[in-house]
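Student: Handing over target-v1.pdb, PDB, C-alpha atoms.
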```pdb
ATOM      1  CA  MET A   1       0.000   0.000   0.000
ATOM      2  CA  HIS A   2       1.662   3.199  -1.197
ATOM      3  CA  ASN A   3      -0.251   5.721   0.880
ATOM      4  CA  ARG A   4       1.271   7.291   3.963
ATOM      5  CA  HIS A   5      -2.057   7.866   5.735
ATOM      6  CA  VAL A   6      -3.199   4.264   5.247
ATOM      7  CA  VAL A   7       0.169   2.888   6.377
ATOM      8  CA  GLU A   8       0.146   5.085   9.499
ATOM      9  CA  THR A   9      -3.460   4.116  10.291
ATOM     10  CA  LEU A  10      -2.697   0.400   9.972
ATOM     11  CA  SER A  11       0.446   0.813  12.097
ATOM     12  CA  GLU A  12      -1.613   2.472  14.831
ATOM     13  CA  ARG A  13      -3.928  -0.547  14.760
ATOM     14  CA  GLY A  14      -1.023  -2.949  15.272
ATOM     15  CA  ALA A  15       0.134  -3.842  11.765
ATOM     16  CA  VAL A  16       3.908  -4.218  11.364
ATOM     17  CA  PHE A  17       5.389  -3.452   7.944
ATOM     18  CA  VAL A  18       8.352  -5.577   6.827
ATOM     19  CA  ASP A  19      10.455  -5.896   3.693
ATOM     20  CA  ASP A  20      11.415  -9.544   4.069
ATOM     21  CA  THR A  21       9.820 -12.713   5.412
ATOM     22  CA  ASP A  22      12.872 -13.148   7.676
ATOM     23  CA  GLU A  23      11.496 -10.251   9.733
ATOM     24  CA  VAL A  24       8.259 -12.134  10.454
ATOM     25  CA  PRO A  25       8.209 -14.421  13.525
ATOM     26  CA  GLU A  26       7.985 -18.071  12.520
ATOM     27  CA  GLY A  27       4.377 -19.258  12.406
ATOM     28  CA  ALA A  28       2.934 -15.725  12.381
ATOM     29  CA  ARG A  29       0.456 -14.297   9.884
ATOM     30  CA  VAL A  30       1.694 -12.151   6.987
ATOM     31  CA  VAL A  31      -0.201 -10.170   4.359
ATOM     32  CA  PHE A  32       1.308  -9.775   0.889
ATOM     33  CA  SER A  33       0.731  -6.243  -0.371
ATOM     34  CA  ALA A  34      -1.384  -5.159  -3.338
ATOM     35  CA  HIS A  35       1.757  -4.848  -5.464
ATOM     36  CA  GLY A  36       2.373  -8.572  -5.278
ATOM     37  CA  VAL A  37       5.455 -10.643  -4.482
ATOM     38  CA  SER A  38       7.587 -13.105  -6.393
ATOM     39  CA  PRO A  39       7.233 -16.900  -6.098
ATOM     40  CA  ALA A  40      10.418 -16.922  -4.005
ATOM     41  CA  VAL A  41       8.634 -14.940  -1.282
ATOM     42  CA  HIS A  42       5.776 -17.454  -1.205
ATOM     43  CA  THR A  43       8.334 -20.252  -0.907
ATOM     44  CA  GLU A  44      10.184 -18.549   1.946
ATOM     45  CA  ALA A  45       6.902 -17.889   3.759
ATOM     46  CA  ALA A  46       6.015 -21.582   3.504
ATOM     47  CA  LYS A  47       9.450 -22.574   4.850
ATOM     48  CA  ARG A  48       8.838 -20.381   7.903
ATOM     49  CA  SER A  49       5.334 -21.839   8.392
ATOM     50  CA  LEU A  50       3.774 -18.410   7.961
ATOM     51  CA  SER A  51       0.022 -18.054   7.632
ATOM     52  CA  THR A  52      -0.361 -15.930   4.491
ATOM     53  CA  ILE A  53      -3.064 -13.648   3.150
ATOM     54  CA  ASP A  54      -2.405 -12.723  -0.468
ATOM     55  CA  ALA A  55      -3.831  -9.229  -0.989
ATOM     56  CA  THR A  56      -2.241  -8.797  -4.430
ATOM     57  CA  CYS A  57      -4.404  -6.624  -6.683
ATOM     58  CA  PRO A  58      -6.121  -8.818  -9.312
ATOM     59  CA  LEU A  59      -4.803  -6.480 -12.016
ATOM     60  CA  VAL A  60      -1.246  -7.188 -10.856
ATOM     61  CA  THR A  61      -2.004 -10.914 -10.680
ATOM     62  CA  LYS A  62      -3.097 -10.676 -14.318
ATOM     63  CA  VAL A  63       0.354  -9.343 -15.298
ATOM     64  CA  HIS A  64       2.055 -12.112 -13.290
ATOM     65  CA  LYS A  65       0.012 -14.734 -15.123
ATOM     66  CA  GLU A  66       0.889 -13.145 -18.466
ATOM     67  CA  ALA A  67       4.586 -13.335 -17.592
ATOM     68  CA  ILE A  68       4.266 -17.011 -16.643
ATOM     69  CA  ARG A  69       2.349 -17.890 -19.814
ATOM     70  CA  PHE A  70       4.624 -15.971 -22.181
ATOM     71  CA  ALA A  71       7.724 -17.497 -20.569
ATOM     72  CA  TRP A  72       6.168 -20.978 -20.857
ATOM     73  CA  ASP A  73       5.549 -20.298 -24.563
ATOM     74  CA  GLY A  74       9.203 -19.362 -25.086
ATOM     75  CA  PHE A  75       8.853 -15.601 -25.442
ATOM     76  CA  ARG A  76      11.441 -13.014 -24.441
ATOM     77  CA  ILE A  77       9.413 -10.557 -22.325
ATOM     78  CA  LEU A  78      10.061  -6.802 -22.230
ATOM     79  CA  LEU A  79       8.657  -5.442 -18.973
ATOM     80  CA  VAL A  80       8.046  -1.684 -19.074
ATOM     81  CA  GLY A  81       8.434  -0.452 -15.509
ATOM     82  CA  HIS A  82      10.653   1.055 -12.841
ATOM     83  CA  ALA A  83      13.535  -0.823 -11.223
ATOM     84  CA  GLY A  84      13.080  -1.326  -7.486
ATOM     85  CA  HIS A  85       9.305  -0.983  -7.536
ATOM     86  CA  GLU A  86       7.696  -3.826  -5.580
ATOM     87  CA  GLU A  87       5.374  -4.707  -8.428
ATOM     88  CA  VAL A  88       8.237  -4.952 -10.918
ATOM     89  CA  GLU A  89      10.272  -7.125  -8.561
ATOM     90  CA  GLY A  90       7.316  -9.473  -8.110
ATOM     91  CA  THR A  91       6.603  -9.742 -11.834
ATOM     92  CA  MET A  92      10.258 -10.310 -12.753
ATOM     93  CA  GLY A  93      10.426 -13.011 -10.102
ATOM     94  CA  GLU A  94       7.856 -15.060 -12.039
ATOM     95  CA  ALA A  95      10.251 -15.652 -14.960
ATOM     96  CA  PRO A  96      13.602 -13.936 -14.344
ATOM     97  CA  GLU A  97      15.412 -15.717 -17.180
ATOM     98  CA  HIS A  98      12.836 -14.513 -19.707
ATOM     99  CA  ILE A  99      12.231 -10.887 -18.645
ATOM    100  CA  THR A 100      14.177  -7.758 -19.597
ATOM    101  CA  LEU A 101      13.236  -4.509 -17.827
ATOM    102  CA  VAL A 102      12.781  -1.348 -19.911
ATOM    103  CA  GLN A 103      12.474   1.746 -17.736
ATOM    104  CA  SER A 104      12.072   4.592 -20.231
ATOM    105  CA  PRO A 105      11.932   5.618 -23.889
ATOM    106  CA  GLU A 106      15.668   6.272 -23.642
ATOM    107  CA  GLU A 107      16.356   2.693 -22.559
ATOM    108  CA  ALA A 108      14.063   1.445 -25.315
ATOM    109  CA  ARG A 109      16.434   2.968 -27.862
ATOM    110  CA  THR A 110      19.428   0.968 -26.615
ATOM    111  CA  ILE A 111      18.082  -2.227 -25.025
ATOM    112  CA  GLU A 112      19.325  -5.474 -26.580
ATOM    113  CA  VAL A 113      17.518  -8.808 -26.493
ATOM    114  CA  PRO A 114      18.819 -12.303 -27.308
ATOM    115  CA  ASP A 115      15.840 -13.234 -29.501
ATOM    116  CA  ALA A 116      13.927 -10.482 -31.309
ATOM    117  CA  GLU A 117      11.799 -12.916 -33.310
ATOM    118  CA  LYS A 118       9.635 -14.066 -30.397
ATOM    119  CA  LEU A 119       9.146 -10.947 -28.317
ATOM    120  CA  VAL A 120       6.259  -9.541 -26.253
ATOM    121  CA  TRP A 121       5.826  -6.562 -23.916
ATOM    122  CA  ILE A 122       3.945  -6.215 -20.621
ATOM    123  CA  SER A 123       3.944  -3.322 -18.162
ATOM    124  CA  GLN A 124       3.801  -2.217 -14.560
ATOM    125  CA  THR A 125       0.182  -1.293 -13.789
ATOM    126  CA  THR A 126       0.793   2.208 -12.376
ATOM    127  CA  LEU A 127       2.730   3.913 -15.178
ATOM    128  CA  SER A 128       2.002   6.963 -17.289
ATOM    129  CA  VAL A 129      -0.064   5.720 -20.209
ATOM    130  CA  ASP A 130       1.577   8.172 -22.627
ATOM    131  CA  GLU A 131       5.162   7.379 -21.629
ATOM    132  CA  THR A 132       4.455   3.645 -21.717
ATOM    133  CA  MET A 133       3.109   3.853 -25.261
ATOM    134  CA  GLU A 134       6.037   6.054 -26.309
ATOM    135  CA  THR A 135       8.384   3.370 -24.979
ATOM    136  CA  VAL A 136       6.449   0.624 -26.760
ATOM    137  CA  GLU A 137       6.454   2.495 -30.079
ATOM    138  CA  ILE A 138      10.238   2.878 -29.920
ATOM    139  CA  LEU A 139      10.565  -0.833 -29.138
ATOM    140  CA  ARG A 140       8.261  -1.678 -32.028
ATOM    141  CA  GLU A 141      10.374   0.370 -34.452
ATOM    142  CA  ARG A 142      13.467  -1.554 -33.363
ATOM    143  CA  PHE A 143      11.769  -4.946 -33.049
ATOM    144  CA  PRO A 144       9.034  -5.306 -35.699
ATOM    145  CA  HIS A 145       7.974  -8.730 -34.372
ATOM    146  CA  LEU A 146       7.107  -7.284 -30.923
ATOM    147  CA  GLN A 147       3.705  -8.576 -29.793
ATOM    148  CA  ASN A 148       1.166  -6.905 -27.492
ATOM    149  CA  PRO A 149      -0.278  -8.402 -24.306
ATOM    150  CA  PRO A 150      -3.837  -9.695 -24.773
ATOM    151  CA  SER A 151      -5.246  -6.644 -22.963
ATOM    152  CA  ASP A 152      -4.059  -3.386 -21.436
ATOM    153  CA  ASP A 153      -1.914  -3.887 -18.317
ATOM    154  CA  ILE A 154      -2.136  -0.372 -16.837
ATOM    155  CA  CYS A 155      -4.628  -0.160 -13.972
ATOM    156  CA  TYR A 156      -8.004   1.292 -14.983
ATOM    157  CA  ALA A 157      -7.966   3.617 -11.951
ATOM    158  CA  THR A 158      -4.549   4.936 -12.970
ATOM    159  CA  GLN A 159      -5.694   5.469 -16.551
ATOM    160  CA  ASN A 160      -8.950   7.166 -15.548
ATOM    161  CA  ARG A 161      -7.166   9.663 -13.321
ATOM    162  CA  GLN A 162      -4.629  10.486 -15.997
ATOM    163  CA  VAL A 163      -7.410  11.046 -18.552
ATOM    164  CA  ALA A 164      -9.215  13.361 -16.119
ATOM    165  CA  VAL A 165      -6.044  15.341 -15.392
ATOM    166  CA  LYS A 166      -5.432  15.753 -19.133
ATOM    167  CA  LYS A 167      -8.910  17.262 -19.361
ATOM    168  CA  ILE A 168      -8.566  19.722 -16.480
ATOM    169  CA  GLY A 169      -4.886  20.595 -17.022
ATOM    170  CA  PRO A 170      -5.339  23.234 -19.770
ATOM    171  CA  ASP A 171      -7.806  25.200 -17.620
ATOM    172  CA  ALA A 172      -5.971  24.909 -14.300
ATOM    173  CA  ASP A 173      -3.594  27.480 -12.897
ATOM    174  CA  LEU A 174      -2.717  24.926 -10.208
ATOM    175  CA  VAL A 175      -3.273  21.174  -9.858
ATOM    176  CA  ILE A 176      -3.024  19.508  -6.457
ATOM    177  CA  VAL A 177      -2.519  15.737  -6.415
ATOM    178  CA  VAL A 178      -3.324  13.974  -3.148
ATOM    179  CA  GLY A 179      -0.989  11.003  -2.848
ATOM    180  CA  SER A 180       2.294   9.789  -1.395
ATOM    181  CA  ALA A 181       5.811  10.220  -2.751
ATOM    182  CA  ASN A 182       6.297   6.447  -3.076
ATOM    183  CA  SER A 183       3.065   6.092  -5.067
ATOM    184  CA  SER A 184       4.088   5.757  -8.694
ATOM    185  CA  ASN A 185       0.651   6.673 -10.044
ATOM    186  CA  SER A 186       0.429   9.777  -7.821
ATOM    187  CA  VAL A 187       3.826  11.041  -8.984
ATOM    188  CA  ARG A 188       2.796  10.423 -12.605
ATOM    189  CA  LEU A 189      -0.317  12.572 -12.122
ATOM    190  CA  VAL A 190       1.830  15.607 -11.316
ATOM    191  CA  GLU A 191       3.849  15.007 -14.471
ATOM    192  CA  VAL A 192       0.721  14.514 -16.605
ATOM    193  CA  ALA A 193      -0.828  17.740 -15.277
ATOM    194  CA  LEU A 194       2.256  19.771 -16.205
ATOM    195  CA  GLU A 195       2.561  18.082 -19.597
ATOM    196  CA  HIS A 196      -1.041  18.961 -20.444
ATOM    197  CA  GLY A 197      -1.183  22.628 -19.649
ATOM    198  CA  ALA A 198      -1.355  23.128 -15.895
ATOM    199  CA  LYS A 199       0.709  26.160 -14.906
ATOM    200  CA  ALA A 200       1.792  24.446 -11.679
ATOM    201  CA  ALA A 201       1.218  21.087 -10.010
ATOM    202  CA  TYR A 202       2.126  19.721  -6.593
ATOM    203  CA  ARG A 203       1.679  16.468  -4.689
ATOM    204  CA  VAL A 204       0.659  16.390  -1.019
ATOM    205  CA  ASP A 205      -0.155  13.642   1.459
ATOM    206  CA  PHE A 206      -2.406  15.864   3.554
ATOM    207  CA  ALA A 207      -4.203  19.200   3.233
ATOM    208  CA  ARG A 208      -1.881  20.670   5.867
ATOM    209  CA  GLU A 209       1.058  20.330   3.456
ATOM    210  CA  ILE A 210      -0.461  22.803   0.995
ATOM    211  CA  ASP A 211       1.573  26.016   0.790
ATOM    212  CA  GLU A 212      -0.420  29.229   0.727
ATOM    213  CA  THR A 213       2.131  30.792  -1.639
ATOM    214  CA  TRP A 214       1.004  28.354  -4.360
ATOM    215  CA  PHE A 215      -2.171  30.406  -4.813
ATOM    216  CA  HIS A 216      -0.552  33.630  -6.016
ATOM    217  CA  ASP A 217      -2.347  34.674  -9.238
ATOM    218  CA  VAL A 218      -4.340  31.414  -9.215
ATOM    219  CA  ALA A 219      -7.971  31.532 -10.326
ATOM    220  CA  THR A 220      -8.664  27.840 -10.991
ATOM    221  CA  VAL A 221      -7.428  24.828  -8.996
ATOM    222  CA  GLY A 222      -7.679  21.215 -10.149
ATOM    223  CA  VAL A 223      -7.744  18.436  -7.547
ATOM    224  CA  THR A 224      -7.131  14.728  -8.096
ATOM    225  CA  SER A 225      -5.730  11.817  -6.128
ATOM    226  CA  GLY A 226      -3.723   8.646  -6.460
ATOM    227  CA  ALA A 227      -5.584   5.374  -6.901
ATOM    228  CA  SER A 228      -5.165   4.233  -3.269
ATOM    229  CA  VAL A 229      -5.967   7.533  -1.522
ATOM    230  CA  PRO A 230      -8.877   7.524   0.963
ATOM    231  CA  GLU A 231     -11.697   9.908   0.001
ATOM    232  CA  ASN A 232     -11.535  11.801   3.306
ATOM    233  CA  LEU A 233      -8.059  13.120   2.425
ATOM    234  CA  VAL A 234      -9.428  14.585  -0.812
ATOM    235  CA  GLN A 235     -12.343  16.137   1.073
ATOM    236  CA  ASP A 236      -9.883  17.731   3.515
ATOM    237  CA  VAL A 237      -8.143  19.402   0.571
ATOM    238  CA  LEU A 238     -11.450  20.632  -0.861
ATOM    239  CA  GLN A 239     -12.394  22.088   2.531
ATOM    240  CA  LEU A 240      -9.069  23.919   2.767
ATOM    241  CA  LEU A 241      -9.537  25.300  -0.737
ATOM    242  CA  ALA A 242     -13.004  26.522   0.259
ATOM    243  CA  ASP A 243     -11.423  28.319   3.208
ATOM    244  CA  TYR A 244      -9.092  30.012   0.725
ATOM    245  CA  GLY A 245     -12.066  31.163  -1.340
ATOM    246  CA  PHE A 246     -12.173  28.350  -3.890
ATOM    247  CA  ASP A 247     -15.642  27.226  -2.826
ATOM    248  CA  THR A 248     -17.221  26.500  -6.211
ATOM    249  CA  VAL A 249     -16.575  22.875  -7.115
ATOM    250  CA  GLU A 250     -17.102  21.475 -10.607
ATOM    251  CA  GLU A 251     -16.773  17.703 -10.818
ATOM    252  CA  VAL A 252     -15.063  16.474 -13.984
ATOM    253  CA  VAL A 253     -16.190  12.961 -14.895
ATOM    254  CA  THR A 254     -14.395  11.082 -17.652
ATOM    255  CA  ALA A 255     -15.293   7.542 -16.539
ATOM    256  CA  GLU A 256     -17.503   5.725 -14.053
ATOM    257  CA  GLU A 257     -15.734   3.121 -11.926
ATOM    258  CA  ASP A 258     -17.961   0.274 -10.752
ATOM    259  CA  LEU A 259     -15.519  -2.624 -10.579
ATOM    260  CA  ILE A 260     -15.489  -4.369  -7.191
ATOM    261  CA  PHE A 261     -12.809  -6.877  -6.212
ATOM    262  CA  SER A 262     -13.584  -9.725  -3.844
ATOM    263  CA  LEU A 263     -11.668 -10.238  -0.598
ATOM    264  CA  PRO A 264      -8.577 -12.480  -0.688
ATOM    265  CA  LYS A 265      -9.629 -16.119  -0.593
ATOM    266  CA  GLU A 266      -7.895 -16.604   2.776
ATOM    267  CA  LEU A 267     -10.217 -13.992   4.343
ATOM    268  CA  ARG A 268     -13.286 -15.456   2.646
ATOM    269  CA  LYS A 269     -12.458 -18.792   4.288
ATOM    270  CA  LEU A 270     -12.282 -17.100   7.700
ATOM    271  CA  GLY A 271     -15.620 -15.341   7.154
TER     272      GLY A 271
END
```
Is it possible to express this structure as structure tokens?
Tutor:
Amino acid sequence: MHNRHVVETLSERGAVFVDDTDEVPEGARVVFSAHGVSPAVHTEAAKRSLSTIDATCPLVTKVHKEAIRFAWDGFRILLVGHAGHEEVEGTMGEAPEHITLVQSPEEARTIEVPDAEKLVWISQTTLSVDETMETVEILRERFPHLQNPPSDDICYATQNRQVAVKKIGPDADLVIVVGSANSSNSVRLVEVALEHGAKAAYRVDFAREIDETWFHDVATVGVTSGASVPENLVQDVLQLLADYGFDTVEEVVTAEEDLIFSLPKELRKLG
């Protein structure tokens, strides 16, 4: 979970965040985050007799399954994503001998692969849609046999927010993105806002982090949030803006989200 408020709230309720299964007492219960983990982590958890709850986002699971299937079919896989991101580490762990990471359009221009005849690309789910497609187009120019995944890998919530920011950017003197610094999709929203006409854009975790100096010569403010941000944090920002005189709110709707994911199967068994 890449949201500071949610992490702090869970910590206050007794959750302990760890980076490795070695930090979990043997026989204890561990929850795998929404970004997913590699098969090696599942194996290590089993060795330590840990009770596991797999809370991996189904959209991330989809990418993992694609990696497994493409590797099984003998493809070289180009994974568009950011090194060190938990999701990328988990996906690469599914088929490390078959996956090559491509982090940017610049890397796409120089990356080399052992077999360009049987090649497919997949992506991290929280990337900028535009930059991902720019990277893929460069790869396609260099590797004409490059195949697409069966469906889009980028999270629908990430895409919807980027589309909305593209719409409000040209009319916004300032865009405020509610989200954490380690949230890839929140950071991308700031970049998308600036790329599509916003005069200024900033990311905050909480309303209290907003700087009053940002509002100099500002008539219109756009507000959006990262995909995992609780609604109350957005409402806090809107209330602060109202206190500053920005009390007329126009909701920009570019998509309706009605997809509901079921609880992890381990929790369904307990219920």
Student: Please indicate the distance in Å from atom CA of A:His42 to atom CA of A:Thr21, rounded to one decimal place.
Tutor: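 Between atom CA of A:His42 and atom CA of A:Thr21 the gap works out to 9.1 Å.
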Student: Applying the PyMOL selection byres ((chain A and resi 174-185) around 8) to the file I just gave you, which residues come out? Please list them as a ChimeraX atom specification.
Tutor: /A:2-4,126-128,158,169,172-173,186-190,193,198-206,214-215,218,220-229,233-234
Student: Can you list, as number ranges by chain, the residues that the PyMOL selection byres ((chain A and resi 77-94) around 9) selects here?
Tutor: A: 34-41, 60-61, 63-65, 67-68, 70-71, 75-76, 95-104, 113, 118-127, 132, 135-136, 184
Student: Quick one: pull the distance between atom CA of A:Asp236 and atom CA of A:Ala207, Å, one decimal.
Tutor: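 It comes out at 5.9 Å.
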Student: Residues picked by the PyMOL selection byres ((chain A and resi 139) around 10) here, as a PyMOL selection string?
Tutor: chain A and resi 78+102+105+107-111+121+133-138+140-146
Student: Considering all atoms listed in the file, return as a short mmCIF file (atom, residue, chain, number, x, y, z; two decimals) with C-alpha atoms, keeping the file's coordinate frame whatever protein or nucleic-acid residues lie within 8 Å of A:Val31, sequence-local ones (same chain, fewer than 2 positions apart) excluded.
Tutor:
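Output file around_1.cif follows:
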```cif
data_model
loop_
_atom_site.label_atom_id
_atom_site.label_comp_id
_atom_site.auth_asym_id
_atom_site.auth_seq_id
_atom_site.Cartn_x
_atom_site.Cartn_y
_atom_site.Cartn_z
CA ARG A 29 0.46 -14.30 9.88
CA SER A 33 0.73 -6.24 -0.37
CA THR A 52 -0.36 -15.93 4.49
CA ILE A 53 -3.06 -13.65 3.15
CA ASP A 54 -2.40 -12.72 -0.47
CA ALA A 55 -3.83 -9.23 -0.99
#
```
Student: Just the number, please: distance in Å from atom CA of A:Asp152 to atom CA of A:Pro170, one decimal.
Tutor: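 We find that atom CA of A:Asp152 and atom CA of A:Pro170 lie 26.7 Å from each other.
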